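Novice: Input structure: upload-v6.pdb, which contains PDB, C-alpha atoms.
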ATOM      1  CA  MET A   1      38.087  32.654  57.205
ATOM      2  CA  ARG A   2      39.930  34.303  54.358
ATOM      3  CA  ASN A   3      42.355  31.401  54.052
ATOM      4  CA  ARG A   4      39.412  28.995  54.030
ATOM      5  CA  ASN A   5      37.778  30.805  51.085
ATOM      6  CA  ILE A   6      41.083  30.751  49.215
ATOM      7  CA  LEU A   7      41.312  26.991  49.748
ATOM      8  CA  LEU A   8      37.734  26.473  48.520
ATOM      9  CA  VAL A   9      38.371  28.533  45.383
ATOM     10  CA  GLY A  10      41.578  26.630  44.741
ATOM     11  CA  ALA A  11      39.825  23.274  45.165
ATOM     12  CA  LEU A  12      37.095  24.382  42.748
ATOM     13  CA  ILE A  13      39.688  25.387  40.158
ATOM     14  CA  VAL A  14      41.400  22.007  40.510
ATOM     15  CA  LEU A  15      38.059  20.155  40.070
ATOM     16  CA  ILE A  16      37.239  22.197  36.979
ATOM     17  CA  GLY A  17      40.663  21.402  35.554
ATOM     18  CA  ILE A  18      40.203  17.669  36.176
ATOM     19  CA  TYR A  19      36.735  17.708  34.573
ATOM     20  CA  TRP A  20      38.060  19.565  31.515
ATOM     21  CA  PHE A  21      40.959  17.123  31.164
ATOM     22  CA  VAL A  22      38.702  14.062  31.408
ATOM     23  CA  LYS A  23      36.202  15.425  28.886
ATOM     24  CA  LYS A  24      38.971  16.327  26.480
ATOM     25  CA  SER A  25      40.509  12.865  26.686
ATOM     26  CA  GLN A  26      37.220  11.087  25.978
ATOM     27  CA  PRO A  27      36.705   9.954  22.366
ATOM     28  CA  VAL A  28      34.093  11.821  20.380
ATOM     29  CA  VAL A  29      30.967   9.653  20.020
ATOM     30  CA  GLU A  30      29.089  10.064  16.754
ATOM     31  CA  THR A  31      25.398  10.438  17.584
ATOM     32  CA  ASP A  32      24.152  10.144  13.995
ATOM     33  CA  ARG A  33      25.468   6.784  12.818
ATOM     34  CA  PRO A  34      23.643   5.472   9.743
ATOM     35  CA  PHE A  35      23.256   1.717   9.576
ATOM     36  CA  VAL A  36      23.060   1.782   5.791
ATOM     37  CA  THR A  37      24.111   4.637   3.541
ATOM     38  CA  ALA A  38      21.993   5.256   0.453
ATOM     39  CA  ASP A  39      20.483   8.125  -1.505
ATOM     40  CA  SER A  40      16.821   7.118  -1.716
ATOM     41  CA  ALA A  41      16.354   9.295  -4.802
ATOM     42  CA  LYS A  42      19.019   7.297  -6.649
ATOM     43  CA  VAL A  43      18.084   3.786  -5.511
ATOM     44  CA  ASP A  44      16.940   1.816  -8.561
ATOM     45  CA  LEU A  45      16.783  -1.750  -7.211
ATOM     46  CA  LEU A  46      15.086  -3.295  -4.215
ATOM     47  CA  ARG A  47      15.226  -7.036  -3.543
ATOM     48  CA  ILE A  48      13.577  -8.651  -0.509
ATOM     49  CA  GLU A  49      14.387 -12.298   0.175
ATOM     50  CA  SER A  50      12.482 -14.186   2.850
ATOM     51  CA  PRO A  51      12.271 -17.910   3.643
ATOM     52  CA  ASP A  52       8.973 -17.986   1.691
ATOM     53  CA  GLU A  53       9.668 -15.968  -1.455
ATOM     54  CA  THR A  54      11.844 -13.433  -3.215
ATOM     55  CA  VAL A  55      10.451 -10.135  -4.444
ATOM     56  CA  GLU A  56      12.421  -7.869  -6.733
ATOM     57  CA  LEU A  57      11.540  -4.327  -7.732
ATOM     58  CA  ALA A  58      13.264  -2.106 -10.268
ATOM     59  CA  LYS A  59      12.919   1.547 -11.131
ATOM     60  CA  GLU A  60      12.407   2.120 -14.839
ATOM     61  CA  GLY A  61      12.387   5.792 -15.705
ATOM     62  CA  ASP A  62      10.376   7.422 -12.938
ATOM     63  CA  LYS A  63       8.192   4.375 -12.263
ATOM     64  CA  TRP A  64       8.761   1.354 -10.032
ATOM     65  CA  TRP A  65       7.913  -2.160 -11.220
ATOM     66  CA  VAL A  66       7.725  -5.509  -9.493
ATOM     67  CA  THR A  67       9.917  -7.752 -11.671
ATOM     68  CA  LYS A  68       9.828 -10.927  -9.549
ATOM     69  CA  PRO A  69       7.911 -13.182  -9.004
ATOM     70  CA  VAL A  70       5.757 -11.498 -11.691
ATOM     71  CA  ARG A  71       6.108  -8.308 -13.665
ATOM     72  CA  TYR A  72       3.562  -5.775 -12.468
ATOM     73  CA  PRO A  73       3.352  -2.048 -11.600
ATOM     74  CA  ALA A  74       4.590  -1.548  -8.045
ATOM     75  CA  ALA A  75       2.707  -0.007  -5.144
ATOM     76  CA  GLU A  76       4.582   3.290  -5.211
ATOM     77  CA  ARG A  77       3.532   4.204  -1.664
ATOM     78  CA  ASN A  78       5.007   1.013  -0.189
ATOM     79  CA  VAL A  79       8.214   1.438  -2.176
ATOM     80  CA  GLY A  80       8.459   5.059  -1.043
ATOM     81  CA  THR A  81       7.960   4.037   2.578
ATOM     82  CA  ALA A  82      10.713   1.443   2.313
ATOM     83  CA  LEU A  83      13.166   3.943   0.828
ATOM     84  CA  GLN A  84      12.290   6.530   3.456
ATOM     85  CA  LYS A  85      12.955   3.974   6.194
ATOM     86  CA  LEU A  86      16.561   3.727   5.063
ATOM     87  CA  HIS A  87      17.167   7.205   6.488
ATOM     88  CA  GLU A  88      15.689   6.177   9.842
ATOM     89  CA  MET A  89      18.082   3.270  10.275
ATOM     90  CA  LYS A  90      20.508   4.713  12.816
ATOM     91  CA  LYS A  91      22.851   2.574  14.884
ATOM     92  CA  LEU A  92      21.892   2.648  18.548
ATOM     93  CA  SER A  93      23.967  -0.105  20.127
ATOM     94  CA  MET A  94      26.029  -3.046  18.991
ATOM     95  CA  ILE A  95      24.490  -6.203  20.506
ATOM     96  CA  THR A  96      26.808  -9.055  19.604
ATOM     97  CA  GLU A  97      29.280 -10.459  17.107
ATOM     98  CA  LYS A  98      28.646 -14.080  18.044
ATOM     99  CA  ASP A  99      27.000 -15.989  15.216
ATOM    100  CA  GLU A 100      25.538 -18.498  17.671
ATOM    101  CA  ARG A 101      23.219 -15.689  18.814
ATOM    102  CA  TYR A 102      21.969 -14.789  15.328
ATOM    103  CA  ASN A 103      18.848 -16.921  15.683
ATOM    104  CA  GLU A 104      18.003 -15.157  18.927
ATOM    105  CA  PHE A 105      17.702 -11.873  17.041
ATOM    106  CA  GLN A 106      16.423 -13.453  13.805
ATOM    107  CA  VAL A 107      19.361 -12.215  11.730
ATOM    108  CA  SER A 108      20.752 -15.536  10.516
ATOM    109  CA  ASP A 109      21.233 -16.062   6.789
ATOM    110  CA  SER A 110      18.475 -18.668   6.731
ATOM    111  CA  GLY A 111      15.873 -17.038   8.976
ATOM    112  CA  ALA A 112      16.107 -13.299   8.381
ATOM    113  CA  THR A 113      14.540 -11.064   5.767
ATOM    114  CA  LYS A 114      17.412 -10.168   3.453
ATOM    115  CA  VAL A 115      17.163  -6.739   1.828
ATOM    116  CA  THR A 116      19.332  -5.654  -1.086
ATOM    117  CA  ILE A 117      19.311  -2.101  -2.395
ATOM    118  CA  GLY A 118      20.946  -1.124  -5.642
ATOM    119  CA  GLN A 119      22.200   2.195  -6.881
ATOM    120  CA  GLY A 120      23.830   2.582 -10.254
ATOM    121  CA  GLY A 121      24.950  -1.041 -10.456
ATOM    122  CA  LYS A 122      26.301  -1.153  -6.895
ATOM    123  CA  THR A 123      24.432  -3.095  -4.240
ATOM    124  CA  VAL A 124      24.450  -3.428  -0.474
ATOM    125  CA  THR A 125      22.646  -6.127   1.500
ATOM    126  CA  PHE A 126      21.466  -6.214   5.091
ATOM    127  CA  LEU A 127      19.355  -8.564   7.178
ATOM    128  CA  VAL A 128      16.282  -7.363   9.074
ATOM    129  CA  GLY A 129      15.586  -9.280  12.263
ATOM    130  CA  LYS A 130      12.983  -9.036  14.981
ATOM    131  CA  SER A 131      11.761  -5.881  16.705
ATOM    132  CA  GLY A 132      13.379  -4.658  19.905
ATOM    133  CA  PRO A 133      11.669  -4.837  23.328
ATOM    134  CA  SER A 134      10.094  -1.391  22.922
ATOM    135  CA  MET A 135       8.813  -2.215  19.419
ATOM    136  CA  GLN A 136      10.473   1.044  18.366
ATOM    137  CA  THR A 137      13.746  -0.548  17.303
ATOM    138  CA  THR A 138      14.905  -3.463  15.150
ATOM    139  CA  TYR A 139      17.803  -5.885  15.241
ATOM    140  CA  ALA A 140      19.752  -5.917  11.986
ATOM    141  CA  ARG A 141      23.040  -7.037  10.498
ATOM    142  CA  MET A 142      24.934  -6.131   7.362
ATOM    143  CA  ALA A 143      25.386  -9.224   5.175
ATOM    144  CA  ASN A 144      29.173  -8.827   5.119
ATOM    145  CA  SER A 145      29.497  -8.218   8.858
ATOM    146  CA  LYS A 146      29.183 -10.233  12.057
ATOM    147  CA  GLU A 147      27.936  -7.254  14.060
ATOM    148  CA  VAL A 148      24.307  -7.355  15.154
ATOM    149  CA  TRP A 149      22.999  -3.849  15.772
ATOM    150  CA  GLU A 150      19.910  -2.507  17.425
ATOM    151  CA  ILE A 151      18.811   0.244  15.048
ATOM    152  CA  ALA A 152      16.223   2.984  15.311
ATOM    153  CA  GLY A 153      12.724   2.293  13.971
ATOM    154  CA  ASN A 154      10.503  -0.749  13.628
ATOM    155  CA  HIS A 155      11.233  -2.027  10.123
ATOM    156  CA  ALA A 156       9.770  -5.526  10.195
ATOM    157  CA  GLY A 157       6.403  -4.521   8.725
ATOM    158  CA  THR A 158       8.037  -2.365   6.057
ATOM    159  CA  PHE A 159      10.147  -5.065   4.453
ATOM    160  CA  LYS A 160       8.444  -8.293   5.527
ATOM    161  CA  ARG A 161       5.612  -7.930   3.014
ATOM    162  CA  LYS A 162       4.169 -10.579   0.765
ATOM    163  CA  SER A 163       4.698 -10.059  -2.953
ATOM    164  CA  LYS A 164       1.069  -8.984  -3.427
ATOM    165  CA  GLU A 165       1.653  -6.060  -1.053
ATOM    166  CA  TRP A 166       4.383  -4.717  -3.318
ATOM    167  CA  ARG A 167       2.013  -4.743  -6.332
ATOM    168  CA  ASP A 168      -0.271  -1.845  -7.164
ATOM    169  CA  LYS A 169      -3.807  -2.895  -6.192
ATOM    170  CA  THR A 170      -5.444  -0.067  -8.115
ATOM    171  CA  ILE A 171      -8.037  -1.403 -10.560
ATOM    172  CA  THR A 172      -9.574   1.915 -11.619
ATOM    173  CA  ASP A 173      -8.667   5.497 -10.816
ATOM    174  CA  MET A 174     -10.552   8.204 -12.689
ATOM    175  CA  ASP A 175     -12.867  11.167 -12.295
ATOM    176  CA  MET A 176     -16.391   9.861 -11.674
ATOM    177  CA  THR A 177     -17.857  12.835 -13.543
ATOM    178  CA  ALA A 178     -16.166  11.569 -16.719
ATOM    179  CA  ILE A 179     -18.621   8.636 -16.831
ATOM    180  CA  ASN A 180     -21.722   9.299 -18.939
ATOM    181  CA  LYS A 181     -23.078   5.790 -19.415
ATOM    182  CA  VAL A 182     -23.095   2.514 -17.504
ATOM    183  CA  VAL A 183     -24.400  -0.800 -18.823
ATOM    184  CA  MET A 184     -24.933  -3.575 -16.256
ATOM    185  CA  GLN A 185     -25.436  -6.855 -18.088
ATOM    186  CA  TYR A 186     -26.796  -9.919 -16.268
ATOM    187  CA  PRO A 187     -27.680 -13.390 -17.589
ATOM    188  CA  LEU A 188     -31.362 -12.475 -17.967
ATOM    189  CA  GLN A 189     -31.373  -8.711 -17.974
ATOM    190  CA  ALA A 190     -29.455  -5.598 -18.977
ATOM    191  CA  VAL A 191     -29.762  -2.238 -17.231
ATOM    192  CA  THR A 192     -28.498   0.937 -18.871
ATOM    193  CA  ALA A 193     -27.917   4.205 -17.042
ATOM    194  CA  SER A 194     -27.385   7.131 -19.439
ATOM    195  CA  LEU A 195     -26.595  10.736 -18.579
ATOM    196  CA  VAL A 196     -28.832  13.067 -20.617
ATOM    197  CA  ASP A 197     -27.831  16.668 -19.977
ATOM    198  CA  THR A 198     -27.817  16.623 -16.162
ATOM    199  CA  THR A 199     -30.317  13.797 -15.688
ATOM    200  CA  TRP A 200     -29.623  10.095 -15.401
ATOM    201  CA  LYS A 201     -32.062   7.886 -17.310
ATOM    202  CA  ILE A 202     -32.566   4.180 -16.573
ATOM    203  CA  ASP A 203     -33.710   1.632 -19.153
ATOM    204  CA  ASP A 204     -33.934  -2.147 -18.710
ATOM    205  CA  GLY A 205     -35.979  -2.938 -21.828
ATOM    206  CA  LYS A 206     -39.224  -3.069 -19.868
ATOM    207  CA  GLN A 207     -39.242   0.310 -18.211
ATOM    208  CA  SER A 208     -37.591   3.665 -18.623
ATOM    209  CA  PHE A 209     -37.491   6.373 -15.977
ATOM    210  CA  GLU A 210     -35.536   9.202 -14.425
ATOM    211  CA  ALA A 211     -33.129   7.819 -11.855
ATOM    212  CA  ASP A 212     -32.329   8.935  -8.365
ATOM    213  CA  LYS A 213     -29.138  10.825  -9.177
ATOM    214  CA  SER A 214     -27.491  10.040  -5.845
ATOM    215  CA  LEU A 215     -28.006   6.299  -6.381
ATOM    216  CA  VAL A 216     -26.424   6.389  -9.835
ATOM    217  CA  GLU A 217     -23.523   8.418  -8.447
ATOM    218  CA  ARG A 218     -22.846   5.681  -5.913
ATOM    219  CA  VAL A 219     -22.237   3.345  -8.837
ATOM    220  CA  THR A 220     -20.126   5.787 -10.862
ATOM    221  CA  ARG A 221     -18.131   6.659  -7.752
ATOM    222  CA  MET A 222     -17.410   2.988  -7.144
ATOM    223  CA  ILE A 223     -16.466   2.372 -10.775
ATOM    224  CA  SER A 224     -14.073   5.319 -10.696
ATOM    225  CA  LYS A 225     -12.084   4.122  -7.683
ATOM    226  CA  ILE A 226     -11.755   0.357  -7.278
ATOM    227  CA  SER A 227      -8.931  -1.337  -5.366
ATOM    228  CA  ALA A 228      -8.220  -5.042  -5.151
ATOM    229  CA  VAL A 229      -7.996  -7.150  -2.030
ATOM    230  CA  ASP A 230      -5.719  -9.602  -3.780
ATOM    231  CA  PHE A 231      -4.616 -10.793  -7.196
ATOM    232  CA  ALA A 232      -5.837 -13.841  -9.120
ATOM    233  CA  ASP A 233      -3.043 -14.758 -11.515
ATOM    234  CA  THR A 234      -4.078 -18.328 -12.295
ATOM    235  CA  LEU A 235      -7.601 -17.971 -13.710
ATOM    236  CA  GLY A 236      -7.938 -19.301 -17.241
ATOM    237  CA  PRO A 237      -9.115 -17.333 -20.299
ATOM    238  CA  SER A 238     -12.592 -18.878 -20.114
ATOM    239  CA  ALA A 239     -13.149 -18.210 -16.401
ATOM    240  CA  PHE A 240     -15.357 -15.203 -17.131
ATOM    241  CA  ASP A 241     -17.249 -16.590 -20.131
ATOM    242  CA  LYS A 242     -20.452 -16.625 -18.061
ATOM    243  CA  PRO A 243     -20.082 -13.760 -15.601
ATOM    244  CA  GLU A 244     -22.604 -12.994 -12.906
ATOM    245  CA  ALA A 245     -22.351  -9.391 -14.026
ATOM    246  CA  HIS A 246     -20.698  -7.538 -16.895
ATOM    247  CA  VAL A 247     -20.349  -3.820 -16.234
ATOM    248  CA  VAL A 248     -19.225  -1.431 -18.967
ATOM    249  CA  ALA A 249     -18.775   2.263 -18.237
ATOM    250  CA  THR A 250     -18.371   4.745 -21.087
ATOM    251  CA  LEU A 251     -16.371   7.933 -20.559
ATOM    252  CA  ASN A 252     -16.735  11.357 -22.141
ATOM    253  CA  THR A 253     -13.677  10.553 -24.243
ATOM    254  CA  GLY A 254     -15.363   7.496 -25.742
ATOM    255  CA  GLU A 255     -13.107   5.120 -23.807
ATOM    256  CA  THR A 256     -14.709   2.277 -21.890
ATOM    257  CA  VAL A 257     -14.030   0.503 -18.615
ATOM    258  CA  ASP A 258     -15.007  -3.146 -19.020
ATOM    259  CA  LEU A 259     -15.474  -5.214 -15.851
ATOM    260  CA  LYS A 260     -16.641  -8.819 -15.430
ATOM    261  CA  LEU A 261     -17.473 -10.372 -12.081
ATOM    262  CA  ILE A 262     -17.874 -13.932 -10.815
ATOM    263  CA  PRO A 263     -18.150 -15.221  -7.212
ATOM    264  CA  LYS A 264     -14.896 -16.459  -5.739
ATOM    265  CA  ASP A 265     -16.667 -19.062  -3.608
ATOM    266  CA  ALA A 266     -20.112 -20.529  -3.060
ATOM    267  CA  ASP A 267     -20.892 -18.038  -0.307
ATOM    268  CA  GLY A 268     -19.935 -15.097  -2.509
ATOM    269  CA  ASN A 269     -17.997 -13.404   0.279
ATOM    270  CA  GLN A 270     -15.488 -12.218  -2.299
ATOM    271  CA  TYR A 271     -15.575 -11.863  -6.076
ATOM    272  CA  PHE A 272     -13.121 -12.307  -8.880
ATOM    273  CA  LEU A 273     -12.981  -9.313 -11.218
ATOM    274  CA  ARG A 274     -11.520  -9.157 -14.698
ATOM    275  CA  LYS A 275     -10.814  -5.758 -16.202
ATOM    276  CA  ASP A 276     -10.354  -5.657 -19.939
ATOM    277  CA  GLY A 277      -6.731  -4.782 -20.736
ATOM    278  CA  ALA A 278      -5.352  -5.508 -17.245
ATOM    279  CA  SER A 279      -2.424  -7.887 -16.908
ATOM    280  CA  SER A 280      -3.971  -9.654 -13.920
ATOM    281  CA  ASP A 281      -7.355 -10.613 -12.550
ATOM    282  CA  PHE A 282      -8.343  -9.356  -9.135
ATOM    283  CA  VAL A 283     -10.150 -10.269  -5.928
ATOM    284  CA  ILE A 284     -12.586  -7.704  -4.509
ATOM    285  CA  TYR A 285     -14.854  -7.574  -1.496
ATOM    286  CA  LYS A 286     -18.488  -8.603  -1.795
ATOM    287  CA  SER A 287     -19.504  -5.068  -0.802
ATOM    288  CA  THR A 288     -17.628  -3.682  -3.805
ATOM    289  CA  ALA A 289     -19.271  -6.187  -6.148
ATOM    290  CA  THR A 290     -22.711  -5.449  -4.694
ATOM    291  CA  ALA A 291     -22.199  -1.730  -5.253
ATOM    292  CA  LEU A 292     -21.514  -2.435  -8.943
ATOM    293  CA  MET A 293     -24.334  -4.903  -9.563
ATOM    294  CA  LYS A 294     -27.562  -2.899  -9.484
ATOM    295  CA  LYS A 295     -30.964  -3.623 -10.998
ATOM    296  CA  ALA A 296     -33.322  -1.022 -12.478
ATOM    297  CA  ASP A 297     -35.502  -0.756  -9.375
ATOM    298  CA  ASP A 298     -32.437   0.111  -7.306
ATOM    299  CA  PHE A 299     -32.309   3.482  -9.059
ATOM    300  CA  LYS A 300     -35.907   4.529  -8.481
ATOM    301  CA  VAL A 301     -36.690   7.513  -6.318
ATOM    302  CA  LYS A 302     -38.055   6.230  -3.023
ATOM    303  CA  PRO A 303     -41.548   7.394  -1.950
ATOM    304  CA  GLU A 304     -40.132   8.938   1.216
ATOM    305  CA  ASP A 305     -37.822  11.071  -0.918
ATOM    306  CA  LEU A 306     -40.838  12.615  -2.638
ATOM    307  CA  LYS A 307     -41.901  14.270   0.599
ATOM    308  CA  ASP A 308     -40.541  17.481   1.993
ATOM    309  CA  LYS A 309     -39.630  17.963   5.616
ATOM    310  CA  THR A 310     -43.277  18.771   6.506
ATOM    311  CA  GLY A 311     -44.422  15.398   5.200
ATOM    312  CA  LYS A 312     -46.203  16.864   2.189
ATOM    313  CA  ALA A 313     -45.637  15.429  -1.260
ATOM    314  CA  LYS A 314     -43.043  17.328  -3.252
ATOM    315  CA  ALA A 315     -44.260  19.071  -6.351
ATOM    316  CA  LYS A 316     -42.849  17.669  -9.567
ATOM    317  CA  ALA A 317     -41.238  20.107 -11.965
TER     318      ALA A 317
END
I need this file expressed as structure tokens, please.

Specialist:
Amino acid sequence: MRNRNILLVGALIVLIGIYWFVKKSQPVVETDRPFVTADSAKVDLLRIESPDETVELAKEGDKWWVTKPVRYPAAERNVGTALQKLHEMKKLSMITEKDERYNEFQVSDSGATKVTIGQGGKTVTFLVGKSGPSMQTTYARMANSKEVWEIAGNHAGTFKRKSKEWRDKTITDMDMTAINKVVMQYPLQAVTASLVDTTWKIDDGKQSFEADKSLVERVTRMISKISAVDFADTLGPSAFDKPEAHVVATLNTGETVDLKLIPKDADGNQYFLRKDGASSDFVIYKSTATALMKKADDFKVKPEDLKDKTGKAKAKA
């Protein structure tokens, strides 16, 4: 029995020695293998080339600009997301080096989305292909390499954006409480909402009354935060000569926000909007346009609002 235990202990020691030797002889595998190396804080150029168009963005000072196909302030959030994604691009497995398989993974020079990042005059380019089977990975290839890698993260939606998605769609962004006057001009009528002390007054030339404050605030809230659906870069100077509505908001500082609206189509499902001083015209939803285009009666206190919860008429101050 004793000899048997000695043999078992000896066999265990031998197995441990073999395991240690095998582990020691194995090459060290790097688990954190970046696909592309870049300091996102120092990147100052981003170029995305697709079969349809080329978009180029450049950092000027602390602000990003779209420089191609048009010059326009960039959507900082989308740029930030793209730069952050660079850190997520870790090599998972090398798929192939055969160029005849590039089309299979959508990483050929002609079919892929080509991304170039620049940092201090130096650039690196890689090609973003299709998503992996789990939709949590992406096939990609460095432009100067034949190796197709499956990398961590789904990056197709991040870089395969149309040029309009790289542009800042903000039309207005201000504090709604800074607005003290709104003039809504129509072909046959003008409505003015003026803040007097803490009360909004409505005047359309035929009637003057105290407005429902909440209804006026819906308009000032909309004016203060408007985002575009799309851009309209080809409208001529005279396109807004006869607008359906001309809305001018005056701020406490004396500055004005000047907006003109015309229907985009016969059904009026969307509207074109021109903001005075903006470098582009915009497309907005019909709901946004409707919220801006109010008539005097839209601001009147409704009869049901004059009753308290018991159904009795509220006493006027």

Novice: Using the chain letters and numbers from the file, which residues does the PyMOL selection byres ((chain A and resi 105) around 7) grab, as an MDAnalysis selection string?

Specialist: chainID A and resid 101:104 106:107 129:130 139

Novice: Give me, as a tab-separated table, each residue of region 192-216 of chain A that comes within 12 Å of region 171-177 of chain A, together with its shortest interatomic pair and the distance in Å at one decimal, counting only C-alpha atoms, with rows ordered by chain and rising residue number.

Specialist:
residue	atom	partner	partner_atom	distance
A:Leu195	CA	A:Thr177	CA	10.3
A:Thr198	CA	A:Thr177	CA	11.0
A:Val216	CA	A:Met176	CA	10.8

Novice: Can those selected residues be exported to a file as a PDB file, in the frame of the given file so that it contains C-alpha atoms?

Specialist:
ATOM      1  CA  LEU A 195     -26.595  10.736 -18.579  1.00  0.00           C
ATOM      2  CA  THR A 198     -27.817  16.623 -16.162  1.00  0.00           C
ATOM      3  CA  VAL A 216     -26.424   6.389  -9.835  1.00  0.00           C
TER       4      VAL A 216
END

Novice: To one decimal in Å, tell me the separation between CA of Gly254 (chain A) and CA of Ser279 (chain A).

Specialist: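 Computing the Euclidean distance for CA of Gly254 (chain A) and CA of Ser279 (chain A) yields 22.0 Å.
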
Novice: Taking (-18.0, 7.9, -23.0) as a centre in this file's frame and 10 Å as the limit, can you find every polymer residue with an atom that close, using all atoms listed in the file, and give them as number ranges by chain?

Specialist: A: 178-182, 249-257

Novice: Go through region 113-220 of chain A residue by residue and, counting all atoms listed in the file, keep those with an atom at most 6 Å from region 44-67 of chain A; for each kept residue give the shortest atom pair and its distance in Å to one decimal, ordered by chain and increasing number, as CSV.

Specialist:
residue,atom,partner,partner_atom,distance
A:Thr113,CA,A:Ser50,CA,4.7
A:Lys114,CA,A:Glu49,CA,4.9
A:Val115,CA,A:Ile48,CA,4.7
A:Thr116,CA,A:Arg47,CA,5.0
A:Ile117,CA,A:Leu46,CA,4.8
A:Gly118,CA,A:Leu45,CA,4.5
A:Gln119,CA,A:Asp44,CA,5.5
A:Ser163,CA,A:Val55,CA,5.9

Novice: Hey, what's within 9 Å of Tyr285 (chain A) if we count only C-alpha atoms and toss same-chain stuff fewer than 3 positions away? As a ChimeraX atom specification, please?

Specialist: /A:228-229,269-272,288-290

Novice: Next, write the just-selected residues to a file, as a compact mmCIF listing (two decimals), in the coordinates of the input, keeping C-alpha atoms as the atom set.

Specialist:
# COMPACT_ATOMS: atom_id res chain seq x y z
CA ALA A 228 -8.22 -5.04 -5.15
CA VAL A 229 -8.00 -7.15 -2.03
CA ASN A 269 -18.00 -13.40 0.28
CA GLN A 270 -15.49 -12.22 -2.30
CA TYR A 271 -15.58 -11.86 -6.08
CA PHE A 272 -13.12 -12.31 -8.88
CA THR A 288 -17.63 -3.68 -3.80
CA ALA A 289 -19.27 -6.19 -6.15
CA THR A 290 -22.71 -5.45 -4.69

Novice: To test your reading of the syntax: which residues would the PyMOL selection byres ((chain A and resi 91-96) around 10) return for the file shown? Reply as a list in words.

Specialist: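 When the PyMOL selection byres ((chain A and resi 91-96) around 10) is applied, the selected residues are Glu30, Thr31, Asp32, Arg33, Pro34, Phe35, Val36, Glu88, Met89, Lys90, Glu97, Lys98, Asp99, Glu100, Arg101, Tyr102, Phe105, Thr137, Thr138, Tyr139, Ala140, Arg141, Lys146, Glu147, Val148, Trp149, Glu150, Ile151 and Ala152 of chain A.
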
Novice: Report, in Å to a single decimal, how far apart CA of Lys242 (chain A) and CA of Asp203 (chain A) are.

Specialist: 22.6 Å

Novice: Quote the spacing between CA of Trp200 (chain A) and CA of Leu292 (chain A) in Å to one decimal place.

Specialist: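 Taking CA of Trp200 (chain A) as the start and CA of Leu292 (chain A) as the end point, the length is 16.3 Å.
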
Novice: Give me the result of the PyMOL selection byres ((chain A and resi 232) around 6) on this file, residue by residue, as a PyMOL selection string.

Specialist: chain A and resi 231+233-234+281-282

Novice: Nearest to Val283 (chain A) among A:Leu83, A:Ile202, A:Leu235, A:Val70, with distances taken over all atoms listed in the file: which residue is it?

Specialist: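 The answer is A:Leu235, which sits nearest to Val283 (chain A).
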
Novice: Taking (13.4, -8.1, 9.5) in the coordinates of the supplied file, I want to know which residues reach to within 7 Å of it, counting only C-alpha atoms; could you give the answer as a list in words?

Specialist: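 Within 7 Å of (13.4, -8.1, 9.5), the protein and nucleic acid residues are Ala112, Thr113, Leu127, Val128, Gly129, Lys130, His155, Ala156, Phe159 and Lys160 of chain A.
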
Novice: With C-alpha atoms retained, write the just-selected residues as an mmCIF file, keeping the file's coordinate frame.

Specialist:
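Saved the output as selection_18.cif:
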data_model
loop_
_atom_site.group_PDB
_atom_site.id
_atom_site.type_symbol
_atom_site.label_atom_id
_atom_site.label_comp_id
_atom_site.auth_asym_id
_atom_site.auth_seq_id
_atom_site.Cartn_x
_atom_site.Cartn_y
_atom_site.Cartn_z
ATOM 1 C CA ALA A 112 16.107 -13.299 8.381
ATOM 2 C CA THR A 113 14.540 -11.064 5.767
ATOM 3 C CA LEU A 127 19.355 -8.564 7.178
ATOM 4 C CA VAL A 128 16.282 -7.363 9.074
ATOM 5 C CA GLY A 129 15.586 -9.280 12.263
ATOM 6 C CA LYS A 130 12.983 -9.036 14.981
ATOM 7 C CA HIS A 155 11.233 -2.027 10.123
ATOM 8 C CA ALA A 156 9.770 -5.526 10.195
ATOM 9 C CA PHE A 159 10.147 -5.065 4.453
ATOM 10 C CA LYS A 160 8.444 -8.293 5.527
#

Novice: Rank nothing, just name the residue among A:Arg218, A:Lys68, A:Lys225, A:Lys275 nearest to Thr170 (chain A), using all atoms listed in the file.

Specialist: A:Lys225

Novice: Choose the residue, out of A:Gly80, A:Ser145, A:Gln207, A:Gly153, that has the smallest atom-to-atom separation from Gly132 (chain A); count all atoms listed in the file.

Specialist: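 Checking each of A:Gly80, A:Ser145, A:Gln207, A:Gly153 against Gly132 (chain A), counting all atoms listed in the file, the winner is A:Gly153.
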